[in-house]
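Dumped input.pdb below, it's PDB, C-alpha atoms and all ligand atoms:
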```pdb
ATOM      1  CA  MET G   1      90.143 100.322  90.106
ATOM      2  CA  THR G   2      91.587 101.844  93.253
ATOM      3  CA  ARG G   3      95.209 100.870  93.898
ATOM      4  CA  HIS G   4      96.517 100.389  97.430
ATOM      5  CA  PHE G   5     100.005  99.884  98.898
ATOM      6  CA  LEU G   6      99.627  97.316 101.661
ATOM      7  CA  THR G   7     102.627  95.067 101.030
ATOM      8  CA  ASP G   8     105.783  95.353  98.943
ATOM      9  CA  LEU G   9     104.236  92.950  96.421
ATOM     10  CA  ASP G  10     101.523  95.468  95.536
ATOM     11  CA  LEU G  11     103.961  97.035  93.063
ATOM     12  CA  SER G  12     105.206  94.924  90.169
ATOM     13  CA  PRO G  13     108.930  95.214  89.389
ATOM     14  CA  ALA G  14     108.179  97.723  86.598
ATOM     15  CA  GLU G  15     105.834  99.728  88.858
ATOM     16  CA  GLN G  16     108.364  99.803  91.684
ATOM     17  CA  ALA G  17     110.970 101.172  89.271
ATOM     18  CA  GLU G  18     108.465 103.823  88.110
ATOM     19  CA  VAL G  19     107.794 104.906  91.700
ATOM     20  CA  LEU G  20     111.533 105.110  92.443
ATOM     21  CA  ASP G  21     112.118 107.166  89.282
ATOM     22  CA  LEU G  22     109.308 109.480  90.350
ATOM     23  CA  ALA G  23     110.771 109.746  93.857
ATOM     24  CA  ALA G  24     114.125 110.812  92.402
ATOM     25  CA  ALA G  25     112.378 113.394  90.196
ATOM     26  CA  MET G  26     110.410 114.708  93.172
ATOM     27  CA  LYS G  27     113.592 114.945  95.232
ATOM     28  CA  ALA G  28     115.122 117.104  92.487
ATOM     29  CA  ASP G  29     112.020 119.357  92.347
ATOM     30  CA  ARG G  30     110.563 119.338  95.838
ATOM     31  CA  TYR G  31     107.618 121.672  95.262
ATOM     32  CA  GLY G  32     106.997 120.853  91.609
ATOM     33  CA  TYR G  33     104.165 118.337  92.069
ATOM     34  CA  ARG G  34     100.652 119.366  93.124
ATOM     35  CA  THR G  35      98.917 115.994  93.538
ATOM     36  CA  TYR G  36      96.583 117.119  96.300
ATOM     37  CA  ALA G  37      96.124 120.771  95.365
ATOM     38  CA  GLY G  38      92.552 121.689  94.416
ATOM     39  CA  PRO G  39      91.722 123.601  91.263
ATOM     40  CA  GLN G  40      92.654 127.252  91.547
ATOM     41  CA  GLY G  41      90.520 129.068  94.100
ATOM     42  CA  THR G  42      89.315 125.890  95.806
ATOM     43  CA  GLY G  43      90.485 123.932  98.820
ATOM     44  CA  SER G  44      93.167 121.294  98.885
ATOM     45  CA  LYS G  45      92.657 117.559  99.221
ATOM     46  CA  THR G  46      93.118 115.839 102.582
ATOM     47  CA  VAL G  47      95.143 112.770 103.513
ATOM     48  CA  ALA G  48      94.218 111.015 106.771
ATOM     49  CA  ILE G  49      97.347 109.664 108.499
ATOM     50  CA  ILE G  50      96.363 107.351 111.339
ATOM     51  CA  PHE G  51      98.764 106.038 113.991
ATOM     52  CA  ASP G  52      98.030 103.115 116.297
ATOM     53  CA  LYS G  53     101.768 102.985 117.149
ATOM     54  CA  THR G  54     104.255 105.780 117.821
ATOM     55  CA  SER G  55     106.363 107.368 115.059
ATOM     56  CA  THR G  56     108.793 110.159 114.268
ATOM     57  CA  ARG G  57     109.935 109.676 110.649
ATOM     58  CA  THR G  58     106.675 108.339 109.246
ATOM     59  CA  ARG G  59     104.582 111.049 110.861
ATOM     60  CA  VAL G  60     106.828 113.928 109.804
ATOM     61  CA  SER G  61     107.582 112.641 106.302
ATOM     62  CA  PHE G  62     103.921 112.014 105.473
ATOM     63  CA  ALA G  63     102.812 115.354 106.947
ATOM     64  CA  ALA G  64     105.538 117.299 105.135
ATOM     65  CA  GLY G  65     105.034 115.258 101.968
ATOM     66  CA  VAL G  66     101.293 115.898 101.768
ATOM     67  CA  ALA G  67     101.945 119.617 102.354
ATOM     68  CA  ASP G  68     104.604 119.628  99.596
ATOM     69  CA  LEU G  69     101.989 118.127  97.256
ATOM     70  CA  GLY G  70      99.560 120.974  98.023
ATOM     71  CA  GLY G  71      97.369 118.901 100.339
ATOM     72  CA  ASN G  72      96.199 118.935 103.923
ATOM     73  CA  PRO G  73      97.656 116.252 106.240
ATOM     74  CA  LEU G  74      95.240 115.143 108.951
ATOM     75  CA  ILE G  75      97.207 113.289 111.617
ATOM     76  CA  ILE G  76      95.246 111.049 113.971
ATOM     77  CA  ASN G  77      97.406 109.918 116.887
ATOM     78  CA  PRO G  78      97.101 106.669 118.889
ATOM     79  CA  GLY G  79      93.888 106.622 120.880
ATOM     80  CA  GLU G  80      92.448 109.771 119.300
ATOM     81  CA  SER G  81      89.750 108.261 117.074
ATOM     82  CA  GLN G  82      86.952 105.727 117.538
ATOM     83  CA  LEU G  83      88.811 103.245 115.312
ATOM     84  CA  GLY G  84      89.661  99.978 116.989
ATOM     85  CA  HIS G  85      87.668 100.367 120.169
ATOM     86  CA  LYS G  86      84.300 101.945 119.380
ATOM     87  CA  GLU G  87      84.111 101.516 115.613
ATOM     88  CA  SER G  88      85.098  98.860 113.101
ATOM     89  CA  VAL G  89      87.696  99.328 110.358
ATOM     90  CA  ALA G  90      84.996  98.990 107.695
ATOM     91  CA  ASP G  91      82.693 101.626 109.206
ATOM     92  CA  THR G  92      85.621 103.977 109.797
ATOM     93  CA  VAL G  93      86.841 103.898 106.225
ATOM     94  CA  ARG G  94      83.320 104.178 104.809
ATOM     95  CA  VAL G  95      83.224 107.559 106.522
ATOM     96  CA  LEU G  96      86.812 108.580 105.700
ATOM     97  CA  GLU G  97      86.513 107.874 101.970
ATOM     98  CA  ARG G  98      83.684 110.432 101.762
ATOM     99  CA  MET G  99      85.983 113.151 103.097
ATOM    100  CA  VAL G 100      89.632 112.400 102.307
ATOM    101  CA  HIS G 101      91.590 111.385  99.211
ATOM    102  CA  THR G 102      94.114 108.907 100.653
ATOM    103  CA  VAL G 103      94.325 107.014 103.947
ATOM    104  CA  VAL G 104      97.724 106.213 105.509
ATOM    105  CA  TRP G 105      97.636 103.821 108.462
ATOM    106  CA  ARG G 106     100.266 102.509 110.896
ATOM    107  CA  THR G 107      98.788  99.619 112.800
ATOM    108  CA  TYR G 108      99.343  96.146 114.232
ATOM    109  CA  ALA G 109      97.519  93.483 112.200
ATOM    110  CA  GLN G 110      98.004  93.338 108.437
ATOM    111  CA  ALA G 111      94.444  91.995 108.205
ATOM    112  CA  GLY G 112      93.129  95.376 109.346
ATOM    113  CA  LEU G 113      94.829  97.085 106.410
ATOM    114  CA  ALA G 114      93.415  94.527 103.992
ATOM    115  CA  GLU G 115      89.946  95.123 105.422
ATOM    116  CA  MET G 116      90.347  98.877 105.158
ATOM    117  CA  ALA G 117      91.399  98.613 101.518
ATOM    118  CA  ARG G 118      88.442  96.351 100.758
ATOM    119  CA  TYR G 119      85.987  99.063 101.800
ATOM    120  CA  SER G 120      87.915 102.083 100.485
ATOM    121  CA  SER G 121      87.484 103.851  97.159
ATOM    122  CA  VAL G 122      90.581 105.957  97.913
ATOM    123  CA  PRO G 123      94.134 104.570  98.131
ATOM    124  CA  VAL G 124      95.154 102.997 101.452
ATOM    125  CA  ILE G 125      98.863 102.994 102.338
ATOM    126  CA  ASN G 126     100.543 100.781 104.943
ATOM    127  CA  ALA G 127     102.707 103.018 107.121
ATOM    128  CA  LEU G 128     104.003  99.927 109.020
ATOM    129  CA  SER G 129     102.202  96.883 110.299
ATOM    130  CA  ASP G 130     103.427  93.919 112.330
ATOM    131  CA  ASP G 131     104.209  92.192 109.020
ATOM    132  CA  TYR G 132     105.510  94.801 106.549
ATOM    133  CA  HIS G 133     106.992  98.296 106.232
ATOM    134  CA  PRO G 134     106.765  98.867 102.473
ATOM    135  CA  CYS G 135     107.156 102.676 102.533
ATOM    136  CA  GLN G 136     110.464 102.251 104.341
ATOM    137  CA  LEU G 137     111.673  99.909 101.607
ATOM    138  CA  LEU G 138     110.944 102.444  98.880
ATOM    139  CA  ALA G 139     113.154 104.896 100.763
ATOM    140  CA  ASP G 140     115.829 102.241 101.255
ATOM    141  CA  LEU G 141     115.865 101.289  97.574
ATOM    142  CA  LEU G 142     116.058 104.937  96.550
ATOM    143  CA  THR G 143     119.066 105.267  98.867
ATOM    144  CA  VAL G 144     120.726 102.182  97.369
ATOM    145  CA  ARG G 145     120.198 103.601  93.870
ATOM    146  CA  GLU G 146     121.763 106.904  94.921
ATOM    147  CA  HIS G 147     124.860 105.325  96.424
ATOM    148  CA  HIS G 148     125.399 102.306  94.163
ATOM    149  CA  GLY G 149     123.757 103.611  90.978
ATOM    150  CA  ARG G 150     121.457 100.590  90.695
ATOM    151  CA  THR G 151     119.691  97.879  92.676
ATOM    152  CA  ALA G 152     119.586  94.888  90.305
ATOM    153  CA  GLY G 153     122.323  92.348  90.874
ATOM    154  CA  LEU G 154     123.449  93.791  94.226
ATOM    155  CA  THR G 155     123.533  91.682  97.380
ATOM    156  CA  LEU G 156     121.667  92.940 100.442
ATOM    157  CA  ALA G 157     122.268  91.316 103.834
ATOM    158  CA  TYR G 158     119.736  91.896 106.610
ATOM    159  CA  LEU G 159     120.785  90.702 110.067
ATOM    160  CA  GLY G 160     118.878  90.482 113.337
ATOM    161  CA  ASP G 161     115.179  89.863 113.904
ATOM    162  CA  ALA G 162     114.533  88.134 110.604
ATOM    163  CA  ALA G 163     110.896  87.454 111.506
ATOM    164  CA  ASN G 164     109.866  91.100 111.768
ATOM    165  CA  ASN G 165     108.230  93.593 109.405
ATOM    166  CA  MET G 166     111.530  94.944 108.057
ATOM    167  CA  ALA G 167     112.887  91.475 107.246
ATOM    168  CA  ASN G 168     109.713  90.598 105.342
ATOM    169  CA  SER G 169     109.803  93.852 103.421
ATOM    170  CA  TYR G 170     113.512  93.514 102.587
ATOM    171  CA  LEU G 171     112.769  90.089 101.141
ATOM    172  CA  LEU G 172     109.809  91.156  99.021
ATOM    173  CA  ALA G 173     110.907  94.626  97.914
ATOM    174  CA  GLY G 174     114.548  93.600  97.529
ATOM    175  CA  VAL G 175     113.867  90.798  95.063
ATOM    176  CA  THR G 176     111.322  93.005  93.287
ATOM    177  CA  ALA G 177     114.263  95.352  92.659
ATOM    178  CA  GLY G 178     116.336  92.419  91.350
ATOM    179  CA  MET G 179     118.545  92.124  94.428
ATOM    180  CA  HIS G 180     120.064  89.043  96.018
ATOM    181  CA  VAL G 181     118.542  89.232  99.486
ATOM    182  CA  ARG G 182     120.102  87.346 102.381
ATOM    183  CA  VAL G 183     118.412  87.394 105.763
ATOM    184  CA  ALA G 184     120.113  86.017 108.864
ATOM    185  CA  GLY G 185     118.697  85.576 112.336
ATOM    186  CA  PRO G 186     118.561  83.044 115.163
ATOM    187  CA  ASP G 187     116.384  79.942 115.043
ATOM    188  CA  GLY G 188     112.827  80.949 115.861
ATOM    189  CA  PHE G 189     113.329  84.422 114.394
ATOM    190  CA  LEU G 190     113.427  83.611 110.682
ATOM    191  CA  PRO G 191     110.833  84.699 108.108
ATOM    192  CA  GLY G 192     107.696  82.624 107.580
ATOM    193  CA  GLU G 193     107.380  80.169 104.707
ATOM    194  CA  THR G 194     104.706  82.179 102.904
ATOM    195  CA  VAL G 195     106.864  85.287 102.657
ATOM    196  CA  VAL G 196     109.935  83.325 101.611
ATOM    197  CA  ALA G 197     107.969  81.465  98.919
ATOM    198  CA  ALA G 198     106.506  84.729  97.604
ATOM    199  CA  ALA G 199     109.973  86.303  97.509
ATOM    200  CA  ARG G 200     111.422  83.295  95.671
ATOM    201  CA  GLU G 201     108.632  83.388  93.115
ATOM    202  CA  ARG G 202     109.146  87.071  92.423
ATOM    203  CA  ALA G 203     112.931  86.636  92.286
ATOM    204  CA  GLN G 204     112.476  84.274  89.351
ATOM    205  CA  ALA G 205     111.038  87.141  87.327
ATOM    206  CA  THR G 206     113.694  89.698  88.271
ATOM    207  CA  GLY G 207     116.952  87.718  88.473
ATOM    208  CA  GLY G 208     117.138  88.249  92.226
ATOM    209  CA  SER G 209     117.526  85.504  94.810
ATOM    210  CA  VAL G 210     116.786  84.661  98.435
ATOM    211  CA  LEU G 211     118.959  83.168 101.159
ATOM    212  CA  VAL G 212     117.564  82.538 104.643
ATOM    213  CA  THR G 213     120.197  81.461 107.133
ATOM    214  CA  THR G 214     121.176  81.351 110.804
ATOM    215  CA  SER G 215     124.773  82.199 109.804
ATOM    216  CA  ALA G 216     125.556  85.908 110.064
ATOM    217  CA  ALA G 217     128.888  85.260 108.286
ATOM    218  CA  ASP G 218     127.206  83.646 105.271
ATOM    219  CA  ALA G 219     124.839  86.593 104.932
ATOM    220  CA  LEU G 220     127.545  89.229 105.300
ATOM    221  CA  ASP G 221     130.176  87.719 102.999
ATOM    222  CA  GLY G 222     130.891  90.275 100.254
ATOM    223  CA  ALA G 223     127.483  91.971 100.567
ATOM    224  CA  ASP G 224     126.987  95.381  98.906
ATOM    225  CA  VAL G 225     124.312  96.592 101.308
ATOM    226  CA  LEU G 226     124.000  95.753 105.017
ATOM    227  CA  ALA G 227     120.802  96.377 106.929
ATOM    228  CA  THR G 228     119.497  95.804 110.416
ATOM    229  CA  ASP G 229     116.661  96.910 112.675
ATOM    230  CA  THR G 230     115.775  96.989 116.339
ATOM    231  CA  TRP G 231     115.705  93.624 118.083
ATOM    232  CA  VAL G 232     112.488  94.654 119.864
ATOM    233  CA  SER G 233     109.766  95.930 117.575
ATOM    234  CA  MET G 234     106.771  97.953 118.707
ATOM    235  CA  GLY G 235     104.393  95.624 120.516
ATOM    236  CA  GLN G 236     107.212  93.254 121.629
ATOM    237  CA  GLU G 237     108.419  95.298 124.602
ATOM    238  CA  ASP G 238     107.636  92.487 127.079
ATOM    239  CA  GLU G 239     110.179  90.205 125.337
ATOM    240  CA  LYS G 240     113.003  92.744 125.526
ATOM    241  CA  SER G 241     115.168  91.060 128.179
ATOM    242  CA  ASP G 242     115.026  87.625 126.464
ATOM    243  CA  ARG G 243     116.032  88.971 123.077
ATOM    244  CA  ALA G 244     119.360  90.756 123.679
ATOM    245  CA  GLU G 245     121.431  87.585 124.153
ATOM    246  CA  VAL G 246     119.935  85.547 121.330
ATOM    247  CA  PHE G 247     120.422  88.335 118.789
ATOM    248  CA  ARG G 248     123.947  89.366 119.850
ATOM    249  CA  PRO G 249     125.771  87.335 117.086
ATOM    250  CA  TYR G 250     123.757  89.251 114.475
ATOM    251  CA  ALA G 251     124.917  92.748 115.469
ATOM    252  CA  ILE G 252     126.382  94.917 112.721
ATOM    253  CA  ASP G 253     129.656  96.124 114.152
ATOM    254  CA  GLU G 254     133.087  96.933 112.708
ATOM    255  CA  ALA G 255     134.052  93.238 112.473
ATOM    256  CA  ALA G 256     130.866  92.404 110.563
ATOM    257  CA  LEU G 257     131.288  95.363 108.221
ATOM    258  CA  ALA G 258     134.865  94.286 107.428
ATOM    259  CA  THR G 259     133.539  91.066 105.850
ATOM    260  CA  ALA G 260     131.157  92.887 103.489
ATOM    261  CA  ALA G 261     132.184  94.282 100.084
ATOM    262  CA  PRO G 262     134.705  97.149 100.383
ATOM    263  CA  GLY G 263     132.226  99.800  99.206
ATOM    264  CA  ALA G 264     129.282  98.421 101.185
ATOM    265  CA  ILE G 265     126.703 100.844 102.543
ATOM    266  CA  VAL G 266     124.814 100.415 105.798
ATOM    267  CA  LEU G 267     121.072 100.968 106.198
ATOM    268  CA  HIS G 268     118.952 101.196 109.349
ATOM    269  CA  CYS G 269     115.331 102.349 109.261
ATOM    270  CA  LEU G 270     115.734 103.967 112.716
ATOM    271  CA  PRO G 271     115.206 104.387 115.599
ATOM    272  CA  ALA G 272     118.563 102.696 116.294
ATOM    273  CA  TYR G 273     119.951 101.235 119.499
ATOM    274  CA  ARG G 274     123.719 101.787 119.441
ATOM    275  CA  GLY G 275     125.605  98.933 121.081
ATOM    276  CA  GLN G 276     122.790  96.482 120.340
ATOM    277  CA  GLU G 277     121.853  95.737 116.716
ATOM    278  CA  ILE G 278     124.436  98.238 115.407
ATOM    279  CA  SER G 279     127.623  99.689 116.857
ATOM    280  CA  ALA G 280     128.081 103.442 117.231
ATOM    281  CA  GLY G 281     131.197 103.202 115.057
ATOM    282  CA  VAL G 282     129.234 101.728 112.156
ATOM    283  CA  ILE G 283     126.077 103.850 112.281
ATOM    284  CA  ASP G 284     128.084 107.037 112.768
ATOM    285  CA  GLY G 285     130.844 105.932 110.387
ATOM    286  CA  PRO G 286     131.577 106.698 106.722
ATOM    287  CA  GLN G 287     129.703 103.709 105.248
ATOM    288  CA  SER G 288     126.449 104.544 107.001
ATOM    289  CA  VAL G 289     123.789 106.192 104.812
ATOM    290  CA  VAL G 290     121.032 106.237 107.418
ATOM    291  CA  TRP G 291     120.386 109.998 107.267
ATOM    292  CA  ASP G 292     119.922 109.894 103.483
ATOM    293  CA  GLU G 293     117.671 106.895 104.049
ATOM    294  CA  ALA G 294     115.567 108.820 106.586
ATOM    295  CA  GLU G 295     115.267 111.847 104.272
ATOM    296  CA  ASN G 296     114.237 109.586 101.427
ATOM    297  CA  ARG G 297     111.082 108.622 103.302
ATOM    298  CA  LEU G 298     109.768 112.044 102.302
ATOM    299  CA  HIS G 299     110.518 111.684  98.595
ATOM    300  CA  ALA G 300     109.526 108.020  98.316
ATOM    301  CA  GLN G 301     106.186 108.534 100.057
ATOM    302  CA  LYS G 302     105.323 111.564  97.957
ATOM    303  CA  ALA G 303     106.006 109.363  94.946
ATOM    304  CA  ILE G 304     103.829 106.470  96.103
ATOM    305  CA  MET G 305     100.979 108.826  97.054
ATOM    306  CA  HIS G 306     101.116 110.486  93.630
ATOM    307  CA  TRP G 307     101.521 107.183  91.798
ATOM    308  CA  LEU G 308      98.531 105.580  93.551
ATOM    309  CA  MET G 309      96.296 108.572  92.818
ATOM    310  CA  ASP G 310      97.345 108.441  89.178
ATOM    311  CA  ALA G 311      97.006 104.651  88.851
ATOM    312  CA  SER G 312      93.566 104.835  90.488
ATOM    313  CA  GLY G 313      92.381 107.484  88.023
ATOM    314  CA  LEU G 314      92.005 110.020  90.832
ATOM    315  CA  LEU G 315      94.550 112.586  89.696
ATOM    316  CA  ALA G 316      92.943 115.806  88.494
ATOM    317  CA  GLU G 317      93.896 116.958  85.015
ATOM    318  CA  PRO G 318      96.035 120.120  85.032
ATOM    319  CA  GLY G 319      93.766 123.172  85.041
ATOM    320  CA  GLU G 320      90.758 121.134  86.168
TER     321      GLU G 320
HETATM  322  N1  LIG G 401     111.599 104.155 110.348
HETATM  323  C1  LIG G 401     110.422 104.534 110.844
HETATM  324  O1  LIG G 401     109.350 104.118 110.386
HETATM  325  O2  LIG G 401     110.510 105.431 111.854
HETATM  326  P1  LIG G 401     109.317 105.935 112.776
HETATM  327  O3  LIG G 401     108.865 104.769 113.609
HETATM  328  O4  LIG G 401     109.919 107.041 113.614
HETATM  329  O5  LIG G 401     108.205 106.417 111.914
HETATM  330  N1  LIG G 402     110.639  96.739 113.344
HETATM  331  C1  LIG G 402     110.424  98.060 113.913
HETATM  332  C2  LIG G 402     110.490  99.105 112.845
HETATM  333  C3  LIG G 402     110.389 100.516 113.359
HETATM  334  C4  LIG G 402     110.369 101.537 112.265
HETATM  335  C5  LIG G 402     109.097  98.092 114.640
HETATM  336  O1  LIG G 402     108.111  97.567 114.109
HETATM  337  O2  LIG G 402     109.046  98.649 115.742
END
```
Starting from the coordinates I provided, produce the structure as structure tokens.
Amino acid sequence: MTRHFLTDLDLSPAEQAEVLDLAAAMKADRYGYRTYAGPQGTGSKTVAIIFDKTSTRTRVSFAAGVADLGGNPLIINPGESQLGHKESVADTVRVLERMVHTVVWRTYAQAGLAEMARYSSVPVINALSDDYHPCQLLADLLTVREHHGRTAGLTLAYLGDAANNMANSYLLAGVTAGMHVRVAGPDGFLPGETVVAAARERAQATGGSVLVTTSAADALDGADVLATDTWVSMGQEDEKSDRAEVFRPYAIDEAALATAAPGAIVLHCLPAYRGQEISAGVIDGPQSVVWDEAENRLHAQKAIMHWLMDASGLLAEPGE
């Protein structure tokens, strides 16, 4: 059965740990894995990487990652293919699966990813949708492991737009890793009931927990990991002027950081807006690990690509 990575829940707690272990191993041996290399003397395998929204980190980390794995990254930029205006998702992927070995897609609606996976015999990976950013969370969890030595039992506080893709993914991936996840945002910008219920259910199996609150102070108090994200996600640009004021109490600045645990680390998926969701002093300060986090996109995504190929029975035997 082909495995896909569409939401953070697509990996069980044990599978997530396996992928993170693999990511750490790949980081220690950057060119040691040849997932997409063809048998000697033949061509390499291709990964289609489709963008309906703009990107720096995701584009570069997937392109470099596929190349590291001996494959050929085929980047399709917004507006460059027939997908979405002239051709359906189903017809598109029925063509792609005949030619490529994995499809990576950054898009708007989560339903599109689900439809793509339904028609695809090769793994489909969510490179950010309106609802989730699961690849980012693998990188974030790898970063937490590196700096705190573990994830289970730690408290992660996410502040800001708690209804966006990053908030949802922090909830689901965080509890999968056994973390106590607190998300804080203003009324009207809190996660939906379905995501919260799914996170609570998974937390029961891992010893994690979930707190959803409008109190930034309650979320921050003694937290081991702080995280935030832009207040205006891609596709929300028209709401920009209304959002700044309502989100202001949820900014991660020096005062907020002082109420976290003494050794707390600060995450931000980037791009960051200094002076809005995070102060320059915090993101450029000693507790910020955002550059490690950005680098870890490369290692984490190589790991999930390799893991999905393996779990789907699509990995060639050595020497084949
Ligand atoms: N964090 C992240 O996904 O960055 P990009 O939008 O630049 O890919
Ligand atoms: N929430 C942001 C994440 C960017 C990586 C967005 O969707 O624009």
| request: Just say which residues the PyMOL selection byres (((chain G and resi 189-192) around 7) and not hetatm) picks in this file, as a ChimeraX atom specification. | output: /G:161-163,168,185-188,193-196
Neighbours of Trp307 (chain G) within 7 Å (all atoms listed in the file; same-chain residues fewer than 4 positions away dropped), as a tab-separated table (two decimals) with C-alpha atoms, in the frame of the given file?
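Writing the result to around.tsv gives the following:
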```tsv
chain	number	residue	atom	x	y	z
G	19	VAL	CA	107.79	104.91	91.70
G	303	ALA	CA	106.01	109.36	94.95
G	311	ALA	CA	97.01	104.65	88.85
```
Find the axis-aligned box for ligand LIG 402 (chain G), covering all its listed atoms and adding 4 Å on each side, and write its centre and edge lengths in Å to one decimal as lines of an AutoDock Vina configuration file.
```
center_x = 109.4
center_y = 99.1
center_z = 114.0
size_x = 10.5
size_y = 12.8
size_z = 11.5
```
How close does chain G get to ligand LIG 401 (chain G)? List, as a tab-separated table, each residue of chain G within 6 Å, its nearest atom pair and the distance in Å to one decimal, counting only C-alpha atoms and all ligand atoms.
```
residue	atom	partner	partner_atom	distance
G:Ser55	CA	G:LIG401	O5	3.8
G:Thr56	CA	G:LIG401	O4	3.4
G:Arg57	CA	G:LIG401	O5	3.9
G:Thr58	CA	G:LIG401	O5	3.6
G:Arg59	CA	G:LIG401	O5	6.0
G:Cys269	CA	G:LIG401	N1	4.3
G:Leu270	CA	G:LIG401	N1	4.8
```
| message | Please list, as a PyMOL selection string, the residues that have an atom at most 10 Å away from (108.4, 88.0, 96.8) in the coordinates of this file, counting only C-alpha atoms. | response | chain G and resi 8-9+168-176+194-205+208-210
| Cut-off 8 Å, all atoms listed in the file, neighbours of ligand LIG 402 (chain G) as a VMD selection string | chain G and resid 55 128 to 130 133 136 164 to 166 229 to 235 269 to 271
Name every residue that the PyMOL selection byres (((chain G and resi 287) around 8) and not hetatm) selects in this structure, writing the answer as a PDB file with C-alpha atoms, keeping the file's coordinate frame with chains first and numbers rising.
```
ATOM      1  CA  GLY G 263     132.226  99.800  99.206  1.00  0.00           C
ATOM      2  CA  ALA G 264     129.282  98.421 101.185  1.00  0.00           C
ATOM      3  CA  ILE G 265     126.703 100.844 102.543  1.00  0.00           C
ATOM      4  CA  VAL G 266     124.814 100.415 105.798  1.00  0.00           C
ATOM      5  CA  VAL G 282     129.234 101.728 112.156  1.00  0.00           C
ATOM      6  CA  ILE G 283     126.077 103.850 112.281  1.00  0.00           C
ATOM      7  CA  GLY G 285     130.844 105.932 110.387  1.00  0.00           C
ATOM      8  CA  PRO G 286     131.577 106.698 106.722  1.00  0.00           C
ATOM      9  CA  SER G 288     126.449 104.544 107.001  1.00  0.00           C
ATOM     10  CA  VAL G 289     123.789 106.192 104.812  1.00  0.00           C
TER      11      VAL G 289
END
```
| Test item: the PyMOL selection byres (((chain G and resi 155) around 8) and not hetatm) resolved as a VMD selection string | chain G and resid 153 to 154 156 to 157 179 to 182 223 to 225
Same residues, C-alpha atoms, output as a short mmCIF file (atom, residue, chain, number, x, y, z; two decimals), in the frame of the given file:
```cif
data_model
loop_
_atom_site.label_atom_id
_atom_site.label_comp_id
_atom_site.auth_asym_id
_atom_site.auth_seq_id
_atom_site.Cartn_x
_atom_site.Cartn_y
_atom_site.Cartn_z
CA GLY G 153 122.32 92.35 90.87
CA LEU G 154 123.45 93.79 94.23
CA LEU G 156 121.67 92.94 100.44
CA ALA G 157 122.27 91.32 103.83
CA MET G 179 118.54 92.12 94.43
CA HIS G 180 120.06 89.04 96.02
CA VAL G 181 118.54 89.23 99.49
CA ARG G 182 120.10 87.35 102.38
CA ALA G 223 127.48 91.97 100.57
CA ASP G 224 126.99 95.38 98.91
CA VAL G 225 124.31 96.59 101.31
#
```
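Closest approach to Gly79 (chain G) from the set G:Lys53, G:Arg118, G:Arg243, G:His306 is made by G:Lys53, with distances taken over only C-alpha atoms.
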| task | Compare G:Ala139, G:Asp68, G:Lys27, G:Ala255 by their minimum atom-to-atom distance to Trp291 (chain G), counting all atoms listed in the file, and give me the closest one. | result |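 Using all atoms listed in the file, the shortest distance to Trp291 (chain G) belongs to G:Ala139.
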| task | Find, counting all atoms listed in the file, the residue in G:Gly222, G:Ala17, G:Asp10, G:Thr35 that gets nearest to Leu142 (chain G). | result |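 Among G:Gly222, G:Ala17, G:Asp10, G:Thr35, it is G:Ala17 that comes nearest to Leu142 (chain G).
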| task | One decimal, Å: what's the distance from CA of Val290 (chain G) over to CA of Arg3 (chain G), could you say? | result |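 Taking CA of Val290 (chain G) as the start and CA of Arg3 (chain G) as the end point, the length is 29.6 Å.
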| said: So that I can see what lies close to Ala114 (chain G), please list as a ChimeraX atom specification the residues with an atom at most 12 Å from it, counting only C-alpha atoms and leaving out residues fewer than 6 positions away in the same chain. | reply: /G:4-7,10,89-90,93,105,107-108,120,123-126,129
| Of the candidates G:Thr2, G:Pro39, G:Ala48, G:Asp218, which one gets nearest to Ala117 (chain G) if we count all atoms listed in the file? |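 Between G:Thr2, G:Pro39, G:Ala48, G:Asp218, the residue approaching Ala117 (chain G) most closely is G:Thr2.
Separating CA of Phe247 (chain G) from CA of Glu277 (chain G) is a distance of 7.8 Å.
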| Atom pair CA of Met1 (chain G) / CA of Ser312 (chain G): separation (Å) |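 Spanning CA of Met1 (chain G) to CA of Ser312 (chain G) is a straight-line distance of 5.7 Å.
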| request: Check the smallest atom-to-atom distance from each of G:Ala152, G:Ile49, G:Leu159, G:Val183 to Leu96 (chain G) using all atoms listed in the file, then report the winner. | output: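 Between G:Ala152, G:Ile49, G:Leu159, G:Val183, the residue approaching Leu96 (chain G) most closely is G:Ile49.
Closest approach to Pro13 (chain G) among G:Asn77, G:Thr228, G:Thr42, G:Thr151: G:Thr151, based on only C-alpha atoms.
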| request: Please provide as a count of residues only all residues within 8 Å of Leu257 (chain G), with the sequence filter that same-chain residues fewer than 3 positions apart are discarded (counting all atoms listed in the file). | output: 8
